[in-house]
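*Asks:* So here's target.txt (compact mmCIF, C-alpha atoms).
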# COMPACT_ATOMS: atom_id res chain seq x y z
CA MET A 23 125.29 138.62 28.27
CA THR A 24 122.29 137.38 30.27
CA GLU A 25 122.35 136.67 33.99
CA THR A 26 122.09 132.92 33.34
CA SER A 27 125.06 132.88 30.99
CA ALA A 28 127.05 135.03 33.38
CA ILE A 29 126.45 132.58 36.23
CA HIS A 30 127.33 129.55 34.10
CA ALA A 31 130.28 131.14 32.34
CA PHE A 32 132.54 128.11 32.84
CA ASP A 33 132.37 124.39 32.12
CA LEU A 34 131.81 122.57 35.42
CA ALA A 35 132.98 119.22 34.04
CA GLU A 36 136.20 120.83 32.83
CA ALA A 37 136.64 122.58 36.20
CA THR A 38 136.28 119.42 38.29
CA LYS A 39 138.51 117.47 35.88
CA HIS A 40 141.17 120.19 36.12
CA LEU A 41 141.07 120.20 39.93
CA ALA A 42 141.05 116.40 40.25
CA GLU A 43 144.12 116.09 38.01
CA ARG A 44 146.11 118.53 40.14
CA ASP A 45 145.01 117.61 43.65
CA ASP A 46 144.46 114.03 44.85
CA CYS A 47 142.78 115.06 48.11
CA LEU A 48 140.39 117.34 46.29
CA LYS A 49 139.73 114.61 43.73
CA LEU A 50 138.58 112.30 46.54
CA LEU A 51 136.40 115.04 48.01
CA ILE A 52 134.79 115.72 44.61
CA GLU A 53 134.04 112.01 44.17
CA GLU A 54 132.54 111.57 47.63
CA THR A 55 130.39 114.70 47.94
CA LEU A 56 127.59 116.41 46.06
CA PRO A 57 128.33 118.02 42.68
CA PHE A 58 129.23 121.70 42.71
CA GLN A 59 126.21 123.98 42.76
CA ILE A 60 125.71 127.64 43.60
CA ASP A 61 122.30 128.92 44.59
CA VAL A 62 122.37 132.21 42.75
CA ALA A 63 120.81 135.19 44.47
CA ASP A 64 117.66 136.69 43.00
CA ALA A 65 117.77 139.67 40.66
CA GLN A 66 119.43 141.99 43.15
CA SER A 67 121.56 144.85 41.96
CA PRO A 68 125.05 145.14 43.48
CA TYR A 69 123.69 147.97 45.62
CA GLU A 70 120.84 145.81 46.96
CA ALA A 71 123.08 142.79 47.56
CA LEU A 72 125.65 144.87 49.47
CA LEU A 73 122.94 146.69 51.42
CA GLU A 74 121.67 143.34 52.64
CA SER A 75 125.19 142.12 53.42
CA ILE A 76 125.75 145.16 55.66
CA ALA A 77 122.55 144.36 57.57
CA TYR A 78 123.77 140.78 58.12
CA GLN A 79 127.23 141.68 59.42
CA SER A 80 128.17 140.38 62.90
CA ILE A 81 124.69 139.20 63.96
CA SER A 82 122.67 136.01 63.56
CA GLY A 83 120.89 135.40 60.28
CA LYS A 84 117.48 135.36 61.99
CA ALA A 85 118.03 138.72 63.69
CA ALA A 86 119.46 140.23 60.51
CA ALA A 87 116.46 139.07 58.44
CA THR A 88 114.10 140.74 60.91
CA ILE A 89 116.07 143.99 60.87
CA PHE A 90 116.44 144.05 57.10
CA GLY A 91 112.69 143.42 56.78
CA ARG A 92 112.08 146.55 58.87
CA VAL A 93 114.50 148.53 56.69
CA LYS A 94 112.67 147.42 53.53
CA ALA A 95 109.37 148.46 55.12
CA LEU A 96 110.70 152.03 55.21
CA SER A 97 110.81 152.19 51.41
CA ALA A 98 107.91 153.11 49.16
CA THR A 99 107.89 149.71 47.44
CA GLY A 100 108.61 147.29 50.29
CA ARG A 101 111.88 146.33 48.60
CA ALA A 102 115.27 147.58 49.68
CA PRO A 103 115.25 151.40 49.84
CA THR A 104 116.67 152.96 46.69
CA PRO A 105 119.94 154.88 47.08
CA GLN A 106 117.97 158.11 46.97
CA GLU A 107 115.54 156.86 49.65
CA MET A 108 118.40 155.63 51.85
CA LEU A 109 120.05 159.06 51.84
CA LYS A 110 116.75 160.69 52.85
CA LEU A 111 115.93 158.24 55.65
CA ARG A 112 116.63 159.76 59.04
CA LYS A 113 118.95 158.05 61.49
CA PRO A 114 116.31 157.68 64.27
CA ALA A 115 114.06 155.68 61.90
CA LEU A 116 116.95 153.42 60.91
CA ARG A 117 118.03 152.99 64.53
CA LYS A 118 114.45 152.05 65.43
CA ALA A 119 114.60 149.39 62.69
CA GLY A 120 117.52 147.85 64.59
CA LEU A 121 120.57 149.13 62.71
CA SER A 122 123.68 150.20 64.59
CA GLY A 123 125.19 153.61 64.01
CA ALA A 124 128.07 152.04 62.08
CA LYS A 125 125.71 150.15 59.77
CA ILE A 126 123.67 153.29 59.10
CA LEU A 127 126.82 155.15 58.06
CA ALA A 128 127.85 152.21 55.87
CA MET A 129 124.46 152.03 54.15
CA LYS A 130 124.40 155.76 53.47
CA ASP A 131 127.93 155.65 52.08
CA LEU A 132 126.91 152.73 49.86
CA ALA A 133 123.93 154.75 48.61
CA GLN A 134 126.08 157.80 47.89
CA LYS A 135 128.73 155.79 46.04
CA THR A 136 126.02 154.06 44.00
CA ILE A 137 124.62 157.41 42.90
CA GLU A 138 128.17 158.55 42.04
CA GLY A 139 128.67 155.43 39.90
CA ILE A 140 131.46 153.92 42.01
CA VAL A 141 129.19 150.97 42.85
CA PRO A 142 128.23 149.63 39.41
CA SER A 143 124.94 148.31 38.09
CA PHE A 144 124.68 144.57 37.48
CA ASP A 145 125.34 144.96 33.74
CA GLU A 146 128.36 147.14 34.44
CA ALA A 147 129.67 144.67 37.03
CA LEU A 148 129.66 141.89 34.42
CA LYS A 149 132.18 143.87 32.36
CA LEU A 150 134.57 144.54 35.25
CA SER A 151 137.37 142.22 36.35
CA ASP A 152 137.44 140.74 39.85
CA GLU A 153 140.25 143.13 40.77
CA GLU A 154 138.36 146.19 39.51
CA LEU A 155 135.25 145.20 41.44
CA VAL A 156 137.19 144.60 44.65
CA GLU A 157 138.91 147.97 44.33
CA ARG A 158 135.62 149.80 43.78
CA LEU A 159 133.50 148.03 46.36
CA VAL A 160 135.94 147.99 49.28
CA SER A 161 136.00 151.78 49.02
CA VAL A 162 132.51 151.67 50.55
CA ARG A 163 132.46 152.11 54.30
CA GLY A 164 131.89 148.79 56.06
CA ILE A 165 132.52 146.65 52.96
CA GLY A 166 135.60 144.44 53.20
CA ALA A 167 137.27 141.99 50.85
CA TRP A 168 135.28 139.00 52.19
CA THR A 169 131.94 140.67 51.44
CA VAL A 170 133.07 141.44 47.90
CA GLU A 171 134.35 137.88 47.43
CA MET A 172 130.95 136.47 48.45
CA PHE A 173 129.33 138.87 45.97
CA LEU A 174 131.67 137.69 43.21
CA ILE A 175 130.90 134.04 43.96
CA PHE A 176 127.19 134.02 44.77
CA ARG A 177 125.91 136.95 42.70
CA LEU A 178 128.20 137.01 39.66
CA GLY A 179 129.27 133.36 39.58
CA ARG A 180 132.95 134.20 39.04
CA PRO A 181 134.98 130.96 38.71
CA ASP A 182 138.32 131.94 40.25
CA VAL A 183 137.69 133.48 43.68
CA LEU A 184 139.54 132.21 46.76
CA PRO A 185 138.30 133.80 50.02
CA VAL A 186 141.44 133.26 52.09
CA HIS A 187 139.94 134.85 55.23
CA ASP A 188 136.77 132.73 55.20
CA LEU A 189 136.55 130.52 58.29
CA GLY A 190 134.75 127.71 56.47
CA VAL A 191 137.28 127.58 53.65
CA LYS A 192 140.19 127.56 56.10
CA LYS A 193 138.67 124.85 58.30
CA GLY A 194 137.64 122.83 55.26
CA TRP A 195 141.21 122.98 54.00
CA ALA A 196 142.54 121.71 57.35
CA ILE A 197 140.01 118.84 57.33
CA THR A 198 140.66 117.92 53.69
CA TYR A 199 144.44 117.86 54.04
CA GLY A 200 144.60 116.36 57.54
CA LYS A 201 145.92 119.43 59.34
CA LYS A 202 145.36 120.31 62.99
CA HIS A 203 145.61 124.05 62.34
CA MET A 204 143.93 126.38 59.89
CA PRO A 205 146.26 127.92 57.29
CA LYS A 206 147.36 131.51 57.37
CA PRO A 207 145.82 133.56 54.54
CA LYS A 208 149.17 133.78 52.72
CA GLU A 209 149.66 130.03 53.04
CA LEU A 210 146.20 129.31 51.65
CA LEU A 211 146.72 131.79 48.82
CA ALA A 212 149.98 130.09 47.83
CA PHE A 213 148.45 126.61 48.13
CA GLY A 214 145.47 127.68 46.02
CA GLU A 215 147.64 128.45 43.00
CA ARG A 216 147.24 124.80 41.99
CA TRP A 217 143.46 125.36 41.77
CA ARG A 218 143.55 128.22 39.25
CA PRO A 219 141.48 129.12 37.27
CA TYR A 220 138.72 127.40 39.28
CA ARG A 221 139.43 128.48 42.85
CA THR A 222 135.72 129.20 43.42
CA VAL A 223 134.92 125.53 42.82
CA ALA A 224 137.72 124.42 45.13
CA SER A 225 136.49 126.83 47.82
CA TRP A 226 132.98 125.43 47.48
CA TYR A 227 134.35 121.94 48.13
CA MET A 228 136.18 123.22 51.22
CA TRP A 229 132.77 124.34 52.56
CA ARG A 230 131.37 120.89 51.74
CA ALA A 231 134.27 119.29 53.65
CA CYS A 232 133.13 121.21 56.75
CA GLN A 233 129.55 120.06 56.31
CA ARG A 234 130.60 116.46 55.88
CA ALA A 235 132.95 116.49 58.87
CA GLY A 236 130.38 117.94 61.28
CA ASN A 237 130.67 120.32 64.22
CA ALA A 238 132.71 117.99 66.44
CA ALA A 239 135.52 117.74 63.87
CA MET A 240 135.28 121.46 63.15
CA ARG A 241 135.85 122.34 66.80
CA LYS A 242 139.09 120.37 66.84
CA ILE A 243 140.68 122.58 64.18
CA ARG A 244 142.89 125.14 65.85
CA PRO A 245 143.74 128.68 64.68
CA ALA A 246 146.77 129.18 62.47
CA LYS A 247 150.09 128.75 64.20
CA VAL A 248 151.78 131.98 65.19
CA ARG A 249 155.51 131.97 65.49
CA LYS A 250 156.63 133.29 68.81
CA ARG A 251 159.38 135.80 68.53
CA LYS A 252 162.34 135.20 70.74
CA PRO A 253 162.80 138.00 73.24
CA ALA A 254 165.66 140.28 72.36
CA LYS A 255 168.76 139.76 74.44
CA PRO A 256 169.42 142.70 76.74
CA ASN A 257 172.46 144.74 75.86
CA ARG A 258 175.31 143.99 78.19
CA PRO A 259 176.70 147.11 79.81
CA ALA A 260 180.22 147.88 78.82
CA ASN A 261 182.84 147.07 81.42
CA LYS A 262 183.84 150.18 83.22
CA ARG A 263 187.30 150.66 84.58
CA LEU A 264 187.39 152.15 88.02
Translate the structure described by the file into structure tokens.
*Replies:*
Amino acid sequence: MTETSAIHAFDLAEATKHLAERDDCLKLLIEETLPFQIDVADAQSPYEALLESIAYQSISGKAAATIFGRVKALSATGRAPTPQEMLKLRKPALRKAGLSGAKILAMKDLAQKTIEGIVPSFDEALKLSDEELVERLVSVRGIGAWTVEMFLIFRLGRPDVLPVHDLGVKKGWAITYGKKHMPKPKELLAFGERWRPYRTVASWYMWRACQRAGNAAMRKIRPAKVRKRKPAKPNRPANKRL
């Protein structure tokens, strides 16, 4: 299977028809916004894509791009350091590039697990199920489910991924369905059953809902409601006879 066929492994017309038939709100969103499109990453291996994702964690995209550029400059080719190069790079050099101690440990663990075969090559990844990939990749230090979900969507083009912890998807859901609060992950997961087997496409439209609504509307969406537990009643002391 080629990369192109892997990315376009489902019929978009069938996907949007399926979603529109099962969800009136989503049908309206599909009709009023741009057609689904994923800008596929370049020919990065899973190792390279995850290495870059670690660099981008918890900082602005501009700062991360600068830091990752410095990391690539430490390699012999000017591309991302190979797993072997990453293991040999000394921590002071990586710290000087702008990486935190936690990110250095994560990158070195990623390199080690790639050499061990836990992190697959691109061709191997194509043969693995979403569940198998999640299980393998979250074993890497610093790689969580969200990072793997973004890899499945934007690198492998998997059609049925629902990132229930993604802020944009949760806010887009609240905007699309007229809610004041974002859904809890379990609530969104249950709701998303109607979107199978094209939850990636539905998620993409949730992101578009955010773009269309704008920042002012986004700021009005509140976090998920948390039920307050009633305080336990104090035990009454037993009546004592004098």
*Asks:* Which residues are close to A:Met108, i.e. within 7 Å by all atoms listed in the file, leaving aside same-chain residues fewer than 4 positions away? Reply as a count of residues only.
*Replies:* 4
*Asks:* Could you pull the residues within 12 Å of A:Ala71, counting all atoms listed in the file, minus those fewer than 6 positions along the same chain, as a list in words?
*Replies:*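 Here the qualifying residues turn out to be Val62, Ala63, Asp64, Ala65, Ala77, Tyr78, Phe90, Arg101, Ala102, Pro103, Met129, Leu132, Val141, Pro142, Ser143, Phe144, Leu159, Ile165, Thr169, Val170, Met172, Phe173, Leu174, Phe176, Arg177 and Leu178 of chain A.
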*Asks:* What does the distance between atom CA of A:Ala85 and atom CA of A:Gly100 come to in Å, to one decimal place?
*Replies:* 18.5 Å
*Asks:* For A:Ala167, list every protein, DNA or RNA residue within 12 Å, evaluated using only C-alpha atoms, and leave out those in the same chain fewer than 3 positions away; present the list as JSON, numbers by chain.
*Replies:* {"A": [152, 153, 155, 156, 157, 158, 159, 160, 161, 162, 163, 164, 170, 171, 172, 173, 174, 183, 184, 185, 186, 187, 188]}
*Asks:* Any chance you could export the current selection's C-alpha atoms as an mmCIF file, in the coordinates of the input?
*Replies:*
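Final output, again-v4.cif:
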data_model
loop_
_atom_site.group_PDB
_atom_site.id
_atom_site.type_symbol
_atom_site.label_atom_id
_atom_site.label_comp_id
_atom_site.auth_asym_id
_atom_site.auth_seq_id
_atom_site.Cartn_x
_atom_site.Cartn_y
_atom_site.Cartn_z
ATOM 1 C CA ASP A 152 137.440 140.740 39.850
ATOM 2 C CA GLU A 153 140.250 143.130 40.770
ATOM 3 C CA LEU A 155 135.250 145.200 41.440
ATOM 4 C CA VAL A 156 137.190 144.600 44.650
ATOM 5 C CA GLU A 157 138.910 147.970 44.330
ATOM 6 C CA ARG A 158 135.620 149.800 43.780
ATOM 7 C CA LEU A 159 133.500 148.030 46.360
ATOM 8 C CA VAL A 160 135.940 147.990 49.280
ATOM 9 C CA SER A 161 136.000 151.780 49.020
ATOM 10 C CA VAL A 162 132.510 151.670 50.550
ATOM 11 C CA ARG A 163 132.460 152.110 54.300
ATOM 12 C CA GLY A 164 131.890 148.790 56.060
ATOM 13 C CA VAL A 170 133.070 141.440 47.900
ATOM 14 C CA GLU A 171 134.350 137.880 47.430
ATOM 15 C CA MET A 172 130.950 136.470 48.450
ATOM 16 C CA PHE A 173 129.330 138.870 45.970
ATOM 17 C CA LEU A 174 131.670 137.690 43.210
ATOM 18 C CA VAL A 183 137.690 133.480 43.680
ATOM 19 C CA LEU A 184 139.540 132.210 46.760
ATOM 20 C CA PRO A 185 138.300 133.800 50.020
ATOM 21 C CA VAL A 186 141.440 133.260 52.090
ATOM 22 C CA HIS A 187 139.940 134.850 55.230
ATOM 23 C CA ASP A 188 136.770 132.730 55.200
#
*Asks:* Within 12 Å of A:Lys49, counting only C-alpha atoms, which residues qualify if same-chain residues fewer than 5 places away don't, as a list of chain:residue names?
*Replies:*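 Near neighbours after the sequence-gap exclusion: A:Ala37, A:Thr38, A:Lys39, A:His40, A:Leu41, A:Ala42, A:Glu43, A:Arg44, A:Glu54, A:Thr55, A:Pro57, A:Thr198, A:Tyr199, A:Trp217, A:Val223, A:Ala224, A:Tyr227, A:Met228.
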*Asks:* Choose the residue, out of A:Leu189, A:Ile175, A:Val248, A:Met240, that has the smallest atom-to-atom separation from A:Lys202; count all atoms listed in the file.
*Replies:* A:Met240
*Asks:* So what do you get for atom CA of A:Leu34 versus atom CA of A:Trp168, distance-wise?
*Replies:*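 Separation between atom CA of A:Leu34 and atom CA of A:Trp168: 23.7 Å.
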*Asks:* What's the separation between atom CA of A:Asp182 and atom CA of A:Ser225, in Å to one decimal place?
*Replies:*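 Interatomic distance here is 9.3 Å.
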*Asks:* Can you pull out every residue within 9 Å of A:Trp195, counting all atoms listed in the file, but drop anything in the same chain fewer than 3 positions away, and send it as a PyMOL selection string?
*Replies:* chain A and resi 190-192+198-201+204-205+210+225+228-229+231-232
*Asks:* Once you add 6 Å to each side, what are the centre and edge lengths of the axis-aligned box holding all listed atoms of stretch 164-172 of chain A? One decimal in Å, as JSON, if you can.
*Replies:*
{"center_x": 134.1, "center_y": 142.6, "center_z": 51.7, "size_x": 18.3, "size_y": 24.3, "size_z": 20.6}
*Asks:* Using only C-alpha atoms, which of A:Pro207, A:Pro114, A:Gly194, A:Pro105 sits nearest A:Asp131?
*Replies:*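 Among A:Pro207, A:Pro114, A:Gly194, A:Pro105, it is A:Pro105 that comes nearest to A:Asp131.
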*Asks:* Please produce stretch 112-132 of chain A, completed to N, CA, C and O atoms, as a PDB file, in the coordinates of the input.
*Replies:*
ATOM      1  N   ARG A 112     115.989 159.162  57.870  1.00  0.00           N
ATOM      2  CA  ARG A 112     116.630 159.760  59.040  1.00  0.00           C
ATOM      3  C   ARG A 112     117.186 158.660  59.952  1.00  0.00           C
ATOM      4  O   ARG A 112     116.651 157.550  60.044  1.00  0.00           O
ATOM      5  N   LYS A 113     118.263 159.022  60.631  1.00  0.00           N
ATOM      6  CA  LYS A 113     118.950 158.050  61.490  1.00  0.00           C
ATOM      7  C   LYS A 113     118.034 157.469  62.568  1.00  0.00           C
ATOM      8  O   LYS A 113     118.084 156.260  62.833  1.00  0.00           O
ATOM      9  N   PRO A 114     117.183 158.269  63.236  1.00  0.00           N
ATOM     10  CA  PRO A 114     116.310 157.680  64.270  1.00  0.00           C
ATOM     11  C   PRO A 114     115.420 156.559  63.728  1.00  0.00           C
ATOM     12  O   PRO A 114     115.200 155.558  64.406  1.00  0.00           O
ATOM     13  N   ALA A 115     114.919 156.722  62.495  1.00  0.00           N
ATOM     14  CA  ALA A 115     114.060 155.680  61.900  1.00  0.00           C
ATOM     15  C   ALA A 115     114.855 154.409  61.642  1.00  0.00           C
ATOM     16  O   ALA A 115     114.363 153.295  61.862  1.00  0.00           O
ATOM     17  N   LEU A 116     116.097 154.574  61.199  1.00  0.00           N
ATOM     18  CA  LEU A 116     116.950 153.420  60.910  1.00  0.00           C
ATOM     19  C   LEU A 116     117.417 152.745  62.207  1.00  0.00           C
ATOM     20  O   LEU A 116     117.520 151.519  62.275  1.00  0.00           O
ATOM     21  N   ARG A 117     117.664 153.557  63.232  1.00  0.00           N
ATOM     22  CA  ARG A 117     118.030 152.990  64.530  1.00  0.00           C
ATOM     23  C   ARG A 117     116.851 152.202  65.108  1.00  0.00           C
ATOM     24  O   ARG A 117     117.027 151.132  65.701  1.00  0.00           O
ATOM     25  N   LYS A 118     115.652 152.728  64.935  1.00  0.00           N
ATOM     26  CA  LYS A 118     114.450 152.050  65.430  1.00  0.00           C
ATOM     27  C   LYS A 118     114.251 150.715  64.713  1.00  0.00           C
ATOM     28  O   LYS A 118     113.729 149.750  65.295  1.00  0.00           O
ATOM     29  N   ALA A 119     114.689 150.648  63.444  1.00  0.00           N
ATOM     30  CA  ALA A 119     114.600 149.390  62.690  1.00  0.00           C
ATOM     31  C   ALA A 119     115.568 148.340  63.228  1.00  0.00           C
ATOM     32  O   ALA A 119     115.413 147.147  62.945  1.00  0.00           O
ATOM     33  N   GLY A 120     116.574 148.793  63.984  1.00  0.00           N
ATOM     34  CA  GLY A 120     117.520 147.850  64.590  1.00  0.00           C
ATOM     35  C   GLY A 120     118.943 147.975  64.104  1.00  0.00           C
ATOM     36  O   GLY A 120     119.806 147.194  64.507  1.00  0.00           O
ATOM     37  N   LEU A 121     119.218 148.955  63.236  1.00  0.00           N
ATOM     38  CA  LEU A 121     120.570 149.130  62.710  1.00  0.00           C
ATOM     39  C   LEU A 121     121.455 149.871  63.715  1.00  0.00           C
ATOM     40  O   LEU A 121     121.000 150.796  64.381  1.00  0.00           O
ATOM     41  N   SER A 122     122.708 149.479  63.773  1.00  0.00           N
ATOM     42  CA  SER A 122     123.680 150.200  64.590  1.00  0.00           C
ATOM     43  C   SER A 122     124.086 151.482  63.887  1.00  0.00           C
ATOM     44  O   SER A 122     123.861 151.641  62.676  1.00  0.00           O
ATOM     45  N   GLY A 123     124.715 152.376  64.620  1.00  0.00           N
ATOM     46  CA  GLY A 123     125.190 153.610  64.010  1.00  0.00           C
ATOM     47  C   GLY A 123     126.183 153.359  62.895  1.00  0.00           C
ATOM     48  O   GLY A 123     126.152 154.020  61.846  1.00  0.00           O
ATOM     49  N   ALA A 124     127.063 152.363  63.098  1.00  0.00           N
ATOM     50  CA  ALA A 124     128.070 152.040  62.080  1.00  0.00           C
ATOM     51  C   ALA A 124     127.423 151.516  60.806  1.00  0.00           C
ATOM     52  O   ALA A 124     127.844 151.858  59.686  1.00  0.00           O
ATOM     53  N   LYS A 125     126.379 150.706  60.949  1.00  0.00           N
ATOM     54  CA  LYS A 125     125.710 150.150  59.770  1.00  0.00           C
ATOM     55  C   LYS A 125     124.926 151.234  59.020  1.00  0.00           C
ATOM     56  O   LYS A 125     124.840 151.200  57.788  1.00  0.00           O
ATOM     57  N   ILE A 126     124.373 152.175  59.754  1.00  0.00           N
ATOM     58  CA  ILE A 126     123.670 153.290  59.100  1.00  0.00           C
ATOM     59  C   ILE A 126     124.643 154.095  58.254  1.00  0.00           C
ATOM     60  O   ILE A 126     124.360 154.422  57.092  1.00  0.00           O
ATOM     61  N   LEU A 127     125.806 154.407  58.809  1.00  0.00           N
ATOM     62  CA  LEU A 127     126.820 155.150  58.060  1.00  0.00           C
ATOM     63  C   LEU A 127     127.271 154.371  56.831  1.00  0.00           C
ATOM     64  O   LEU A 127     127.480 154.942  55.752  1.00  0.00           O
ATOM     65  N   ALA A 128     127.421 153.054  56.988  1.00  0.00           N
ATOM     66  CA  ALA A 128     127.850 152.210  55.870  1.00  0.00           C
ATOM     67  C   ALA A 128     126.793 152.198  54.766  1.00  0.00           C
ATOM     68  O   ALA A 128     127.111 152.322  53.575  1.00  0.00           O
ATOM     69  N   MET A 129     125.536 152.065  55.147  1.00  0.00           N
ATOM     70  CA  MET A 129     124.460 152.030  54.150  1.00  0.00           C
ATOM     71  C   MET A 129     124.329 153.357  53.406  1.00  0.00           C
ATOM     72  O   MET A 129     124.096 153.389  52.195  1.00  0.00           O
ATOM     73  N   LYS A 130     124.490 154.449  54.113  1.00  0.00           N
ATOM     74  CA  LYS A 130     124.400 155.760  53.470  1.00  0.00           C
ATOM     75  C   LYS A 130     125.596 156.008  52.550  1.00  0.00           C
ATOM     76  O   LYS A 130     125.454 156.616  51.479  1.00  0.00           O
ATOM     77  N   ASP A 131     126.760 155.528  52.947  1.00  0.00           N
ATOM     78  CA  ASP A 131     127.930 155.650  52.080  1.00  0.00           C
ATOM     79  C   ASP A 131     127.766 154.799  50.831  1.00  0.00           C
ATOM     80  O   ASP A 131     128.130 155.224  49.722  1.00  0.00           O
ATOM     81  N   LEU A 132     127.200 153.602  50.998  1.00  0.00           N
ATOM     82  CA  LEU A 132     126.910 152.730  49.860  1.00  0.00           C
ATOM     83  C   LEU A 132     125.941 153.426  48.899  1.00  0.00           C
ATOM     84  O   LEU A 132     126.145 153.409  47.673  1.00  0.00           O
TER      85      LEU A 132
END
